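Novice: The structure that follows is given in the form of C-alpha cells.
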Amino acid sequence: MNTAVFDRRESVVRSYCRNWPTVFDQARGAEQVAEDGTRYLDFFSGAGALNYGHNHPALKQALQDYLAGDGVIHSLDMYSVAKREFLETFEETILQPRGLDHRVQFPGPTGTNAVETALKIARKVTGRTDIVSFTNAFHGMTLGSLAVTGNSMKRAGAGTPLYHATPAPYDDYFDGGTPDFLWLERVWEDSGSGLSLPAAVIVETVQGEGGLKAARMEWLRALADLCRRFDVKLIVDDVQAGCGRTGTFFSFEPAGITPDIICLSKSLSGLGLPFAATLLRPELDLWEPGEHNGTFRGFNPAFVTATAALREFWQDDALAQAAAQRGAQLQGGLERLAALSPGASYRGRGLLAGVHFPDTEVAEKLAAAAFQRGLLVETSGPDSEVLKVMPPLTVTEEELERGLDILIDSGRAVLPRAA
Ligand code: PMP
C-alpha cells in the first residue's frame, strides 16, 4: 500500500485514515472499493454526507449533464438557473408541504458555516450575546461553533477562550433524576441569577458526534415552549440528523415544533458535494445585503445535485418508508450486539444509531474488528465509547443484514464475555 506522500506531506491532523488504513478508489451505493480491490460496506456514509449512498446514478447523471452543457460553476450569490431550480424545488418539495415559511440563506458550504450564520443572525436580531448549548453537543470547528461544542479536546484546540456560550443539560443528563429545564427556567426568570437571557438555544435532536443520545419528542416540545416564552430563538442544528437520516426530512418533524433557525449541510447536495443552508423565519432575515458573505456560497454543481436528490427521493414517501424499515432492522441488530456485553445499550433514532458500551475501550476495538471484516463504522461520544452505525438511507435489507452479521461476528471476537 503506497501511503508515502500522505506520511511525508499531509498534516498529522488527519484522523479517519488512521482507523481505516487503506487507499480508497471507487464507490457506489453502500460500498467503497480500495485500490487493492478490497470491498468495504460503508456504514459511515461520509459522517452523514452520503445519505443516498455513493455516486447515486440519478444525481451523478444530473451533474454530468450540467458539466457537459457548460453550466456555470461558480457565481457567488448571483442569480443562476441552477439556484432558481433548487430554490423552487426546495420550496415545493420540502418547505411548503411542511408549512414552513423560512427564508433560505446560503452560507459557506460546510456545516460549521451554517451554524456560524445561525449564531450571528440570532445575536444581531436579539441584540443579546449569549447562546445556550447542550452537554455533549457538536456544532463544528470554527470559533463560534466550537464555543457551543462540548468536547474538551476539540475546545482546547481553539487556543483562545471561547466566549458567550452556556452549556445546559441535554435530555436525560441526570438519568431522569431532575425535571427537564428546571435550571434554565429558574435562571432565565431570576434577574439576579448572573446569567443574562441568551440570544438563542442551539440543539441537535440526536447527538451525532457526542454519543448518539436522542432527545425525546416531549423534551424538544418543552424546549420550544420555553424558548417561545422567553423570546429566545430556537436553532435546530440538523446538519447530521437532517435530510432524512432519522426518517423524516427534518429530524424535528415528529416533535411538531417549528424552529426559528435550521442548519443544514452534509447530505443536502445528495452526492457529497460541499453545500449548506441556514433557514430563517422571515422576521429574522434582517441582514444588510452583503453583511454576511463569502466566495463559495451556493455552489452551482451542488444546487444541481441537491435538486436531483429532492426530485428523486422527496416527492413521495417511498424513501422515508424504506428508511423506517431499515431503521427498525438496524435497531434489532444493534440490540443483539448490545446483548453480547453486560450494560451495553442501543442509542439513537432511525439510521443514526449505535451501541453505548460502559467499557470505553470496546467501541473502538469493535470498529477496528469490523474494518478487518470489510465494514466501515465509526465511534462517537466523549470517550469514543459508542459504536456508531450510519448506513445510507438507500441501503438494501440484505446489505444491512450483512453489515449487522459482521458487527455480531466482530463482537464475538472482541467482547470478553461473548463466546
Ligand atoms: N453540526 C453537526 C450536528 C455536525 O454533526 C457537524 C459535523 N459532524 C457539524 C455541525 C459541522 O459540519 P462541518 O464538519 O461540515 O463543518
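Ligands are numbered from 1 in the order shown, chains are lettered A, B, ... in the order of the C-alpha cells, and residues start at 1 in each chain.
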Excluding A:Arg297 and its own-chain neighbours fewer than 2 positions away, which residues fall within 10 Å of it when counting only C-alpha atoms? Please give them as a PyMOL selection string.
Specialist: chain A and resi 74-78+105-110+113+274-277+293-295+299-300
Novice: Can those selected residues be exported to a file as a PDB file, in the first residue's frame so that it contains N, CA and C atoms?
Specialist:
ATOM      1  N   HIS A  74     -19.251  28.583 -10.910  1.00  0.00           N
ATOM      2  CA  HIS A  74     -19.082  29.479  -9.769  1.00  0.00           C
ATOM      3  C   HIS A  74     -19.730  30.816 -10.043  1.00  0.00           C
ATOM      4  N   SER A  75     -20.552  31.303  -9.101  1.00  0.00           N
ATOM      5  CA  SER A  75     -21.214  32.581  -9.370  1.00  0.00           C
ATOM      6  C   SER A  75     -21.535  33.344  -8.086  1.00  0.00           C
ATOM      7  N   LEU A  76     -20.737  33.102  -7.006  1.00  0.00           N
ATOM      8  CA  LEU A  76     -21.027  33.767  -5.728  1.00  0.00           C
ATOM      9  C   LEU A  76     -22.529  33.716  -5.450  1.00  0.00           C
ATOM     10  N   ASP A  77     -23.156  34.874  -5.128  1.00  0.00           N
ATOM     11  CA  ASP A  77     -24.609  34.783  -4.924  1.00  0.00           C
ATOM     12  C   ASP A  77     -25.383  35.475  -6.048  1.00  0.00           C
ATOM     13  N   MET A  78     -24.776  35.442  -7.248  1.00  0.00           N
ATOM     14  CA  MET A  78     -25.544  35.926  -8.411  1.00  0.00           C
ATOM     15  C   MET A  78     -26.706  34.962  -8.676  1.00  0.00           C
ATOM     16  N   GLN A 105     -30.879  30.953   3.437  1.00  0.00           N
ATOM     17  CA  GLN A 105     -29.619  31.681   3.280  1.00  0.00           C
ATOM     18  C   GLN A 105     -28.524  30.665   2.961  1.00  0.00           C
ATOM     19  N   PHE A 106     -27.705  30.985   1.944  1.00  0.00           N
ATOM     20  CA  PHE A 106     -26.587  30.106   1.609  1.00  0.00           C
ATOM     21  C   PHE A 106     -25.321  30.678   2.225  1.00  0.00           C
ATOM     22  N   PRO A 107     -24.807  30.014   3.258  1.00  0.00           N
ATOM     23  CA  PRO A 107     -23.523  30.455   3.822  1.00  0.00           C
ATOM     24  C   PRO A 107     -22.404  29.729   3.075  1.00  0.00           C
ATOM     25  N   GLY A 108     -21.184  29.780   3.567  1.00  0.00           N
ATOM     26  CA  GLY A 108     -20.145  28.912   3.014  1.00  0.00           C
ATOM     27  C   GLY A 108     -20.628  27.465   3.054  1.00  0.00           C
ATOM     28  N   PRO A 109     -19.923  26.549   2.403  1.00  0.00           N
ATOM     29  CA  PRO A 109     -20.516  25.247   2.088  1.00  0.00           C
ATOM     30  C   PRO A 109     -20.439  24.165   3.159  1.00  0.00           C
ATOM     31  N   THR A 110     -20.065  24.475   4.389  1.00  0.00           N
ATOM     32  CA  THR A 110     -19.918  23.415   5.386  1.00  0.00           C
ATOM     33  C   THR A 110     -20.908  23.591   6.529  1.00  0.00           C
ATOM     34  N   ASN A 113     -20.261  26.516   8.776  1.00  0.00           N
ATOM     35  CA  ASN A 113     -20.695  27.793   8.185  1.00  0.00           C
ATOM     36  C   ASN A 113     -22.180  28.030   8.461  1.00  0.00           C
ATOM     37  N   PRO A 274     -19.804  19.759  -1.270  1.00  0.00           N
ATOM     38  CA  PRO A 274     -19.971  20.701  -0.152  1.00  0.00           C
ATOM     39  C   PRO A 274     -21.125  21.664  -0.417  1.00  0.00           C
ATOM     40  N   PHE A 275     -22.008  21.794   0.573  1.00  0.00           N
ATOM     41  CA  PHE A 275     -23.195  22.626   0.392  1.00  0.00           C
ATOM     42  C   PHE A 275     -23.858  22.813   1.754  1.00  0.00           C
ATOM     43  N   ALA A 276     -24.331  24.020   2.034  1.00  0.00           N
ATOM     44  CA  ALA A 276     -25.018  24.257   3.307  1.00  0.00           C
ATOM     45  C   ALA A 276     -26.096  25.308   3.127  1.00  0.00           C
ATOM     46  N   ALA A 277     -27.056  25.272   4.032  1.00  0.00           N
ATOM     47  CA  ALA A 277     -28.112  26.288   4.037  1.00  0.00           C
ATOM     48  C   ALA A 277     -28.510  26.568   5.481  1.00  0.00           C
ATOM     49  N   ASN A 293     -21.061  37.521   3.945  1.00  0.00           N
ATOM     50  CA  ASN A 293     -20.859  36.974   2.595  1.00  0.00           C
ATOM     51  C   ASN A 293     -19.764  35.918   2.584  1.00  0.00           C
ATOM     52  N   GLY A 294     -19.196  35.613   1.426  1.00  0.00           N
ATOM     53  CA  GLY A 294     -18.237  34.521   1.295  1.00  0.00           C
ATOM     54  C   GLY A 294     -18.181  34.090  -0.162  1.00  0.00           C
ATOM     55  N   THR A 295     -17.015  33.611  -0.597  1.00  0.00           N
ATOM     56  CA  THR A 295     -16.816  33.318  -2.024  1.00  0.00           C
ATOM     57  C   THR A 295     -17.588  32.082  -2.496  1.00  0.00           C
ATOM     58  N   PHE A 299     -22.943  26.703  -4.410  1.00  0.00           N
ATOM     59  CA  PHE A 299     -22.045  26.228  -5.463  1.00  0.00           C
ATOM     60  C   PHE A 299     -22.944  25.551  -6.504  1.00  0.00           C
ATOM     61  N   ASN A 300     -22.918  26.033  -7.733  1.00  0.00           N
ATOM     62  CA  ASN A 300     -23.928  25.559  -8.700  1.00  0.00           C
ATOM     63  C   ASN A 300     -23.979  24.040  -8.889  1.00  0.00           C
TER      64      ASN A 300
END
Novice: Residues contacting ligand 1 - anything with an atom at most 10 Å away, using only C-alpha atoms and all ligand atoms - can you give me those as a PyMOL selection string?
Specialist: chain A and resi 46-49+108-116+137-142+145-146+149+203-210+236-242+263-266+274-276
Novice: In Å to one decimal, how far is atom CA of A:Leu375 from atom CA of A:Asp42?
Specialist: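 Going from atom CA of A:Asp42 over to atom CA of A:Leu375, I get 6.1 Å.
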Novice: If you measure from atom CA of A:Asn51 to atom CA of A:Thr3, what distance in Å do you get, rounded to one decimal?
Specialist: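 Interatomic distance here is 28.6 Å.
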Novice: Which of these residues is nearest to A:Pro301, using only C-alpha atoms: A:Thr178, A:Thr117, A:Ser269, A:Gln331?
Specialist: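 The shortest atom-to-atom distance to A:Pro301 comes from A:Ser269.
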Novice: Need the shell around stretch 386-393 of chain A: protein/DNA/RNA residues with any atom at most 7 Å away, counting only C-alpha atoms. Skip same-chain ones fewer than 5 positions apart. Format as a PDB file with C-alpha atoms, in the first residue's frame?
Specialist:
ATOM      1  CA  ALA A  30     -23.261   1.339   0.183  1.00  0.00           C
ATOM      2  CA  ASP A  42     -19.758   1.695   4.087  1.00  0.00           C
ATOM      3  CA  PHE A  43     -21.911   2.265   7.188  1.00  0.00           C
ATOM      4  CA  PHE A  44     -20.120   5.542   7.894  1.00  0.00           C
ATOM      5  CA  SER A  45     -21.656   7.396   4.937  1.00  0.00           C
ATOM      6  CA  LEU A  50     -23.878  10.419   1.823  1.00  0.00           C
ATOM      7  CA  ASN A  51     -27.453   9.642   2.868  1.00  0.00           C
ATOM      8  CA  TYR A  52     -28.261   8.398  -0.643  1.00  0.00           C
ATOM      9  CA  GLY A  53     -25.083   6.321  -0.914  1.00  0.00           C
ATOM     10  CA  GLY A 211     -22.656   9.887  21.830  1.00  0.00           C
ATOM     11  CA  ARG A 245     -31.319  10.493   8.463  1.00  0.00           C
ATOM     12  CA  ALA A 323     -35.634   4.132   5.847  1.00  0.00           C
ATOM     13  CA  LEU A 351     -30.496   5.296  10.718  1.00  0.00           C
ATOM     14  CA  LEU A 352     -28.444   7.424  13.127  1.00  0.00           C
ATOM     15  CA  ALA A 353     -27.882   4.776  15.758  1.00  0.00           C
ATOM     16  CA  GLY A 354     -25.338   2.822  17.726  1.00  0.00           C
ATOM     17  CA  VAL A 355     -24.469   0.946  20.878  1.00  0.00           C
ATOM     18  CA  HIS A 356     -23.148   2.515  24.082  1.00  0.00           C
ATOM     19  CA  PHE A 357     -20.619   0.373  25.961  1.00  0.00           C
ATOM     20  CA  ALA A 363     -16.362   0.512  20.640  1.00  0.00           C
ATOM     21  CA  VAL A 377     -18.244   2.041  11.098  1.00  0.00           C
ATOM     22  CA  GLU A 378     -17.006   4.793  13.406  1.00  0.00           C
ATOM     23  CA  THR A 379     -17.309   5.695  17.060  1.00  0.00           C
ATOM     24  CA  SER A 380     -18.990   8.608  18.806  1.00  0.00           C
ATOM     25  CA  GLY A 381     -19.084  10.141  22.285  1.00  0.00           C
TER      26      GLY A 381
END
Novice: Would you mind telling me which residue in A:Leu100, A:Ala199, A:Leu63, A:Leu182 lies nearest to A:Thr129 when using only C-alpha atoms?
Specialist: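 Checking each candidate against A:Thr129, we get A:Ala199 as the closest.
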Novice: Looking only at strand (DSSP E) from DSSP on the backbone, list the matching residues of stretch 229-368 of chain A as a ChimeraX atom specification.
Specialist: /A:233-237,261-264,277-280,345-349,352-356
Novice: Using DSSP on the backbone coordinates, identify the residues of stretch 194-367 of chain A assigned to alpha helix (DSSP H); present them as a PyMOL selection string.
Specialist: chain A and resi 217-230+300-313+318-338+362-367
Novice: For a quick check of understanding, using only C-alpha atoms, which of A:Lys365, A:Asp171, A:Glu88, A:Thr22 has the smallest distance to A:Glu35?
Specialist: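 Comparing A:Lys365, A:Asp171, A:Glu88, A:Thr22 against A:Glu35, the winner is A:Thr22.
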Novice: What's the separation between atom CA of A:Leu415 and atom CA of A:Tyr40, in Å to one decimal place?
Specialist: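 Straight-line distance from atom CA of A:Leu415 to atom CA of A:Tyr40 works out to 22.5 Å.
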Novice: Show which residues sit within 10 Å of A:Arg221, as a PyMOL selection string. Count only C-alpha atoms, and ignore same-chain residues fewer than 5 positions away.
Specialist: chain A and resi 216+226-227+252+255-258
Novice: In terms of the shortest atom-to-atom distance over only C-alpha atoms, which of A:Ser341, A:Ala215, A:Thr248, A:Val23 is closest to A:Leu319?
Specialist: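 Nearest candidate to A:Leu319 out of A:Ser341, A:Ala215, A:Thr248, A:Val23: A:Thr248.
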Novice: Rank A:Pro289, A:Lys124, A:Ala147, A:Val414 by their smallest atom-to-atom distance to A:Lys233, using only C-alpha atoms, and report the top residue only.
Specialist: A:Lys124
Novice: Pick from A:Asp7, A:Val104, A:Gly29, A:Arg336: nearest to A:Leu271, with only C-alpha atoms counted?
Specialist: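 Once distances to A:Leu271 are computed over only C-alpha atoms, the minimum belongs to A:Gly29.
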Novice: What's around A:Ala165 at 7 Å? Count only C-alpha atoms, leave out sequence neighbours fewer than 5 positions away in its own chain, and write the answer as a PyMOL selection string.
Specialist: chain A and resi 130-133+147-148
